[in-house]
Amino acid sequence: FHYLFNMRELSKVFQGLILAERDRFKNGVQHPPFGGNVKSPEGYLVALWRHECERVFVDKLTSYDDKNWTDSLIQKIIGETFGEKITKEVEERVYFVDFLRPPVIDEQTGDVIEANPSYYESSVDLQMVKDLADKKMAMFNETSKTVKLDLVLFEDALTHMMRIARLLSMDRGSALLVGVGGSGKQSLTRLAAYIVGAFTFQITISKQYNQSALFEDLKALYKVAGLKGQKVAFIFTDAEVK
């Protein structure tokens with residue numbers, strides 16, 4: 001078995017770097033906590049680069065041996081390129097997400113200007129993200145009449161949800177989720193989509209469902225994404241492929 005990577009993966013790393021908020025890279029100003037052991041804007045940038053390399057390359061690897069080897073290689077490159085000080089700052093993994101900030105509300109009218117502001121930045125720790133995700137899941141269950149989420153967000157589940165949310169926040173982001181049935185792939189995707197403000201859609205299979213019905217569903221999704229300009233999360237399972 002071997003992996004195939006090309007220039008597209010390299011461009012995805014820099015796409016993640018470009019998404020990050022510029023104000024965290026400024027020198028000579030007071031910054032909120034960066035997360036982990038990061039103490040400087042330089043360390044923050046290297047931690048972001050490490051995070052994007054892990055999301056683009058490591059997440060695609062199929063064994064822990066391959067993942068550990070790649071992680072060691074990334075750490076070695078950081079040490080050889082940026083020196084001991086930066087290496088110590090980024091030894092502890094820092095996670096980046098784009099859903100930490102509260103909704104933007106008009107102070108005069110009280111109207112919500114932006115329900116899901118997207119600012120790609122680091123989280124102080126995973127507990128901070130978990131608290132926010134649990135709060136969002138409770139809000140989802142209050143508003144959803146049909147689907148209810150009852151997820152226990154342990155560390156692996158939380159980091160998987162963060163990976164999905166990162167992809168949904170990117171233009172044309174997509175993912176192939178592989179796992180045994182009932183492991184929570186769809187539920188985590190629905191939660192991630194709700195957190196980033198994406199409209200979730202899944203086709204309903206019936207005896208009458210055919211190619212024309214699929215085209216009609218896609219037409220409706222194009223109206224949501226193109227006409228309304230709303231993010232769309234299209235969930236498509238193996239059971240829906242004939």
# chains A, B, ... in the order shown; residues from 1 in each chain; ligands from 1

call {"tool": "select_by_dssp", "arguments": {"residues": "segment 69-198 of chain A", "states": "helix (DSSP H, G or I)", "output": "JSON, numbers by chain"}}
result
{"A": [69, 70, 71, 72, 73, 74, 75, 76, 77, 78, 79, 80, 81, 82, 83, 84, 85, 86, 87, 88, 89, 126, 127, 128, 129, 130, 131, 132, 133, 134, 135, 136, 137, 138, 139, 140, 141, 142, 143, 155, 156, 157, 158, 159, 160, 161, 162, 163, 164, 165, 166, 167, 168, 185, 186, 187, 188, 189, 190, 191, 192, 193, 194, 195, 196]}

call {"tool": "residues_around", "arguments": {"residues": "segment 72-80 of chain A", "least_positions_apart": "4", "cutoff": "9 Å", "atoms": "only C-alpha atoms", "output": "NGL selection string"}}
result
:A and (46 or 50 or 53-54 or 67-68 or 84-88 or 90-91)

call {"tool": "select_by_dssp", "arguments": {"residues": "segment 98-227 of chain A", "states": "strand (DSSP E or B)", "output": "PyMOL selection string"}}
result
chain A and resi 104-105+112-114+120-122+199-201

call {"tool": "residues_around", "arguments": {"residues": "segment 24-37 of chain A", "least_positions_apart": "6", "cutoff": "9 Å", "atoms": "only C-alpha atoms", "output": "VMD selection string"}}
result
chain A and resid 43 to 45 88 to 95 121 to 125

call {"tool": "atom_distance", "arguments": {"atom1": "atom CA of Ala239 of chain A", "atom2": "atom CA of Lys185 of chain A"}}
result
13.7 Å

call {"tool": "closest_atom_pairs", "arguments": {"of": "segment 59-155 of chain A", "to": "segment 175-179 of chain A", "cutoff": "12 Å", "atoms": "only C-alpha atoms", "output": "Markdown table"}}
result
| residue | atom | partner | partner_atom | distance |
| --- | --- | --- | --- | --- |
| A:Asp59 | CA | A:Ala175 | CA | 10.6 |
| A:Lys60 | CA | A:Leu176 | CA | 9.8 |
| A:Thr62 | CA | A:Val178 | CA | 10.5 |
